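Listing of protein_32.txt, compact mmCIF, N, CA and C atoms
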# COMPACT_ATOMS: atom_id res chain seq x y z
N HIS M 1 0.83 -1.19 0.00
CA HIS M 1 0.00 0.00 0.00
C HIS M 1 0.87 1.24 0.00
N ARG M 2 0.30 2.34 -0.40
CA ARG M 2 1.00 3.61 -0.44
C ARG M 2 1.05 4.19 0.97
N ASP M 3 2.20 4.70 1.36
CA ASP M 3 2.38 5.25 2.69
C ASP M 3 2.04 6.74 2.66
N LEU M 4 0.94 7.15 3.26
CA LEU M 4 0.47 8.52 3.17
C LEU M 4 1.15 9.47 4.16
N HIS M 5 1.32 9.04 5.38
CA HIS M 5 1.90 9.87 6.45
C HIS M 5 1.36 11.29 6.44
N LEU M 6 0.08 11.42 6.66
CA LEU M 6 -0.55 12.74 6.72
C LEU M 6 -0.37 13.33 8.11
N SER M 7 -0.24 14.62 8.16
CA SER M 7 -0.17 15.27 9.46
C SER M 7 -1.47 16.02 9.69
N ILE M 8 -1.88 16.06 10.93
CA ILE M 8 -3.12 16.75 11.27
C ILE M 8 -2.78 18.04 11.98
N ARG M 9 -3.08 19.14 11.33
CA ARG M 9 -2.93 20.43 11.99
C ARG M 9 -4.19 20.78 12.74
N ARG M 10 -5.27 20.40 12.15
CA ARG M 10 -6.58 20.69 12.73
C ARG M 10 -7.46 19.52 12.36
N GLN M 11 -7.91 18.82 13.35
CA GLN M 11 -8.71 17.63 13.08
C GLN M 11 -10.19 17.99 13.13
N ARG M 12 -10.88 17.61 12.09
CA ARG M 12 -12.32 17.82 12.04
C ARG M 12 -12.93 16.72 11.19
N GLN M 13 -13.99 16.19 11.66
CA GLN M 13 -14.67 15.12 10.95
C GLN M 13 -15.96 15.66 10.38
N MET M 14 -16.30 15.21 9.18
CA MET M 14 -17.53 15.67 8.56
C MET M 14 -18.08 14.56 7.68
N CYS M 15 -19.36 14.41 7.66
CA CYS M 15 -20.00 13.45 6.77
C CYS M 15 -20.30 14.15 5.45
N ILE M 16 -20.01 13.49 4.36
CA ILE M 16 -20.28 14.09 3.05
C ILE M 16 -21.75 14.39 2.86
N ARG M 17 -22.61 13.59 3.45
CA ARG M 17 -24.05 13.86 3.27
C ARG M 17 -24.43 15.23 3.79
N ASP M 18 -23.60 15.81 4.70
CA ASP M 18 -23.85 17.16 5.19
C ASP M 18 -23.70 18.20 4.09
N SER M 19 -23.08 17.81 2.97
CA SER M 19 -22.90 18.74 1.85
C SER M 19 -24.17 18.90 1.02
N GLY M 20 -25.15 18.02 1.27
CA GLY M 20 -26.40 18.07 0.51
C GLY M 20 -26.38 17.23 -0.75
N LEU M 21 -25.26 16.60 -1.02
CA LEU M 21 -25.12 15.72 -2.19
C LEU M 21 -24.69 14.35 -1.72
N TRP M 22 -24.70 13.39 -2.63
CA TRP M 22 -24.36 12.02 -2.26
C TRP M 22 -23.12 11.53 -2.99
N LYS M 23 -22.37 10.66 -2.34
CA LYS M 23 -21.22 10.02 -2.95
C LYS M 23 -21.71 9.10 -4.06
N PRO M 24 -20.99 8.93 -5.12
CA PRO M 24 -19.68 9.48 -5.44
C PRO M 24 -19.71 10.75 -6.30
N ASN M 25 -20.74 11.56 -6.19
CA ASN M 25 -20.80 12.82 -6.93
C ASN M 25 -19.58 13.67 -6.57
N PRO M 26 -18.74 14.03 -7.56
CA PRO M 26 -17.53 14.80 -7.26
C PRO M 26 -17.81 16.09 -6.50
N GLN M 27 -18.92 16.74 -6.78
CA GLN M 27 -19.22 18.00 -6.10
C GLN M 27 -19.45 17.79 -4.61
N ALA M 28 -19.91 16.62 -4.21
CA ALA M 28 -20.10 16.33 -2.78
C ALA M 28 -18.77 16.41 -2.04
N TYR M 29 -17.72 15.85 -2.64
CA TYR M 29 -16.39 15.88 -2.02
C TYR M 29 -15.84 17.31 -2.00
N LEU M 30 -16.03 18.02 -3.11
CA LEU M 30 -15.53 19.40 -3.19
C LEU M 30 -16.26 20.31 -2.20
N ASN M 31 -17.57 20.15 -2.08
CA ASN M 31 -18.33 20.96 -1.12
C ASN M 31 -17.87 20.69 0.31
N THR M 32 -17.58 19.45 0.61
CA THR M 32 -17.12 19.09 1.95
C THR M 32 -15.80 19.76 2.26
N ALA M 33 -14.85 19.70 1.33
CA ALA M 33 -13.56 20.35 1.54
C ALA M 33 -13.74 21.86 1.72
N GLU M 34 -14.59 22.44 0.90
CA GLU M 34 -14.84 23.88 1.00
C GLU M 34 -15.44 24.24 2.36
N THR M 35 -16.40 23.45 2.82
CA THR M 35 -17.00 23.69 4.13
C THR M 35 -15.96 23.60 5.24
N LEU M 36 -15.02 22.69 5.10
CA LEU M 36 -13.95 22.55 6.08
C LEU M 36 -12.90 23.64 5.96
N GLY M 37 -12.92 24.37 4.84
CA GLY M 37 -11.97 25.44 4.62
C GLY M 37 -10.59 24.96 4.22
N VAL M 38 -10.53 23.80 3.54
CA VAL M 38 -9.25 23.24 3.13
C VAL M 38 -9.33 22.79 1.67
N ALA M 39 -8.18 22.62 1.07
CA ALA M 39 -8.12 22.06 -0.28
C ALA M 39 -8.43 20.57 -0.22
N PRO M 40 -8.99 20.01 -1.28
CA PRO M 40 -9.23 18.56 -1.28
C PRO M 40 -7.97 17.76 -0.96
N SER M 41 -6.82 18.23 -1.39
CA SER M 41 -5.56 17.52 -1.14
C SER M 41 -5.18 17.47 0.34
N ALA M 42 -5.86 18.25 1.16
CA ALA M 42 -5.61 18.25 2.61
C ALA M 42 -6.58 17.34 3.35
N CYS M 43 -7.45 16.65 2.60
CA CYS M 43 -8.46 15.79 3.20
C CYS M 43 -8.09 14.32 3.10
N LEU M 44 -8.50 13.57 4.10
CA LEU M 44 -8.38 12.12 4.08
C LEU M 44 -9.78 11.54 4.11
N PHE M 45 -10.11 10.77 3.09
CA PHE M 45 -11.43 10.17 2.95
C PHE M 45 -11.30 8.67 3.17
N VAL M 46 -12.17 8.11 4.01
CA VAL M 46 -12.17 6.67 4.29
C VAL M 46 -13.57 6.14 4.03
N ASP M 47 -13.66 5.05 3.27
CA ASP M 47 -14.97 4.48 2.95
C ASP M 47 -14.79 3.00 2.68
N ASP M 48 -15.91 2.27 2.73
CA ASP M 48 -15.86 0.84 2.46
C ASP M 48 -16.33 0.47 1.06
N LEU M 49 -16.57 1.47 0.22
CA LEU M 49 -16.96 1.21 -1.17
C LEU M 49 -15.91 1.80 -2.12
N GLU M 50 -15.43 0.97 -3.03
CA GLU M 50 -14.38 1.40 -3.96
C GLU M 50 -14.80 2.63 -4.77
N GLU M 51 -16.06 2.65 -5.25
CA GLU M 51 -16.47 3.78 -6.09
C GLU M 51 -16.44 5.09 -5.32
N ASN M 52 -16.69 5.07 -4.03
CA ASN M 52 -16.62 6.29 -3.23
C ASN M 52 -15.18 6.72 -3.00
N VAL M 53 -14.31 5.76 -2.76
CA VAL M 53 -12.88 6.05 -2.59
C VAL M 53 -12.32 6.63 -3.89
N GLU M 54 -12.67 6.03 -5.00
CA GLU M 54 -12.21 6.52 -6.30
C GLU M 54 -12.76 7.91 -6.60
N GLY M 55 -13.99 8.19 -6.18
CA GLY M 55 -14.56 9.52 -6.35
C GLY M 55 -13.79 10.58 -5.58
N ALA M 56 -13.39 10.25 -4.37
CA ALA M 56 -12.60 11.19 -3.56
C ALA M 56 -11.23 11.41 -4.20
N GLN M 57 -10.61 10.35 -4.67
CA GLN M 57 -9.31 10.48 -5.32
C GLN M 57 -9.41 11.33 -6.58
N ALA M 58 -10.50 11.21 -7.30
CA ALA M 58 -10.67 11.95 -8.55
C ALA M 58 -10.65 13.46 -8.34
N VAL M 59 -11.04 13.92 -7.15
CA VAL M 59 -11.01 15.36 -6.88
C VAL M 59 -9.76 15.77 -6.10
N GLY M 60 -8.83 14.83 -5.91
CA GLY M 60 -7.56 15.17 -5.28
C GLY M 60 -7.43 14.85 -3.80
N MET M 61 -8.42 14.18 -3.23
CA MET M 61 -8.33 13.80 -1.82
C MET M 61 -7.48 12.55 -1.64
N HIS M 62 -6.85 12.44 -0.49
CA HIS M 62 -6.23 11.18 -0.10
C HIS M 62 -7.40 10.27 0.28
N ALA M 63 -7.33 9.02 -0.12
CA ALA M 63 -8.45 8.13 0.14
C ALA M 63 -7.97 6.73 0.50
N ILE M 64 -8.68 6.13 1.43
CA ILE M 64 -8.35 4.79 1.90
C ILE M 64 -9.61 3.95 1.88
N LEU M 65 -9.49 2.76 1.33
CA LEU M 65 -10.59 1.80 1.35
C LEU M 65 -10.49 0.97 2.62
N ILE M 66 -11.58 0.87 3.36
CA ILE M 66 -11.62 -0.03 4.50
C ILE M 66 -12.32 -1.30 4.03
N ASP M 67 -11.56 -2.38 4.02
CA ASP M 67 -12.00 -3.67 3.48
C ASP M 67 -12.09 -4.67 4.63
N ARG M 68 -13.13 -4.55 5.43
CA ARG M 68 -13.28 -5.37 6.64
C ARG M 68 -13.38 -6.87 6.33
N LYS M 69 -13.92 -7.22 5.19
CA LYS M 69 -14.08 -8.64 4.84
C LYS M 69 -12.89 -9.20 4.06
N LYS M 70 -11.93 -8.34 3.76
CA LYS M 70 -10.70 -8.72 3.04
C LYS M 70 -11.01 -9.42 1.72
N ARG M 71 -11.95 -8.85 0.97
CA ARG M 71 -12.35 -9.44 -0.31
C ARG M 71 -12.03 -8.55 -1.50
N SER M 72 -11.67 -7.32 -1.28
CA SER M 72 -11.46 -6.39 -2.37
C SER M 72 -10.13 -6.64 -3.09
N THR M 73 -10.12 -6.36 -4.37
CA THR M 73 -8.90 -6.42 -5.15
C THR M 73 -8.39 -5.00 -5.45
N TYR M 74 -8.93 -4.03 -4.73
CA TYR M 74 -8.56 -2.63 -4.90
C TYR M 74 -7.05 -2.46 -4.81
N SER M 75 -6.48 -1.73 -5.75
CA SER M 75 -5.02 -1.59 -5.81
C SER M 75 -4.48 -0.39 -5.05
N GLY M 76 -5.37 0.47 -4.56
CA GLY M 76 -4.92 1.64 -3.80
C GLY M 76 -4.70 1.30 -2.34
N THR M 77 -4.61 2.32 -1.51
CA THR M 77 -4.40 2.13 -0.09
C THR M 77 -5.63 1.48 0.52
N ARG M 78 -5.40 0.39 1.25
CA ARG M 78 -6.49 -0.41 1.80
C ARG M 78 -6.13 -0.82 3.22
N ILE M 79 -7.11 -0.72 4.11
CA ILE M 79 -6.95 -1.19 5.48
C ILE M 79 -8.09 -2.18 5.77
N PHE M 80 -7.92 -2.93 6.84
CA PHE M 80 -8.91 -3.95 7.17
C PHE M 80 -9.72 -3.62 8.42
N SER M 81 -9.30 -2.60 9.16
CA SER M 81 -10.05 -2.13 10.32
C SER M 81 -9.67 -0.67 10.57
N LEU M 82 -10.53 0.03 11.28
CA LEU M 82 -10.24 1.44 11.59
C LEU M 82 -9.03 1.58 12.50
N HIS M 83 -8.67 0.53 13.22
CA HIS M 83 -7.48 0.57 14.07
C HIS M 83 -6.23 0.84 13.25
N GLU M 84 -6.22 0.40 12.01
CA GLU M 84 -5.08 0.61 11.13
C GLU M 84 -4.96 2.05 10.63
N LEU M 85 -6.01 2.82 10.75
CA LEU M 85 -6.01 4.18 10.24
C LEU M 85 -4.98 5.07 10.93
N ALA M 86 -4.69 4.79 12.18
CA ALA M 86 -3.75 5.62 12.94
C ALA M 86 -2.38 5.72 12.29
N GLN M 87 -1.97 4.70 11.57
CA GLN M 87 -0.64 4.73 10.93
C GLN M 87 -0.54 5.77 9.81
N PHE M 88 -1.68 6.29 9.36
CA PHE M 88 -1.68 7.25 8.27
C PHE M 88 -1.84 8.70 8.71
N ILE M 89 -2.13 8.88 9.99
CA ILE M 89 -2.34 10.27 10.45
C ILE M 89 -1.38 10.64 11.57

Show me this structure written as structure tokens.
Amino acid sequence: HRDLHLSIRRQRQMCIRDSGLWKPNPQAYLNTAETLGVAPSACLFVDDLEENVEGAQAVGMHAILIDRKKRSTYSGTRIFSLHELAQFI
């Protein structure tokens, strides 16, 4: 997997549905970044659906697939539990 090593200057969590749009609509990701006051490239997106992870990547976000059942063949950054997320932040 790709080693992201993101640093958190200001931690804030937000659900994309708060943007008024639904994943994987690219504007949903962009609206979320704008609401947070950061560039998409400063965001880390985690989801269990490949199409949503790919949607976030398409707008420049860092994205990680959480594959709890270990069945995905996704070639990007993938974790198997949220406990693994700490290594990226």

Identify all residues of segment 6-83 of chain M in strand (DSSP E) (DSSP on the backbone) and supply them as number ranges by chain.
M: 44-47, 62-66, 78-79

Give me the residues near segment 50-66 of chain M as a PyMOL selection string, where near means some atom within 5 Å (using all atoms listed in the file) and where sequence neighbours in that chain fewer than 6 positions away do not count.
chain M and resi 24+40-41+43-44+77-79

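What separates atom CA of Arg68 of chain M from atom CA of Phe80 of chain M is a distance of 4.6 Å.
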
Nearest to Val46 of chain M: which of M:Thr73, M:Asp67, M:Gln27, M:Thr32 is it, counting only C-alpha atoms?
M:Asp67

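Between atom N of Thr35 of chain M and atom CA of Gly20 of chain M lies a distance of 11.6 Å.
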
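Here atom CA of Glu34 of chain M is placed at a distance of 12.9 Å from atom N of Leu21 of chain M.
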
Centre and size of axis-aligned box enclosing segment 19-27 of chain M plus 6 Å each side, as AutoDock Vina command-line options:
--center_x -22.0 --center_y 13.9 --center_z -2.3 --size_x 20.9 --size_y 22.0 --size_z 22.5
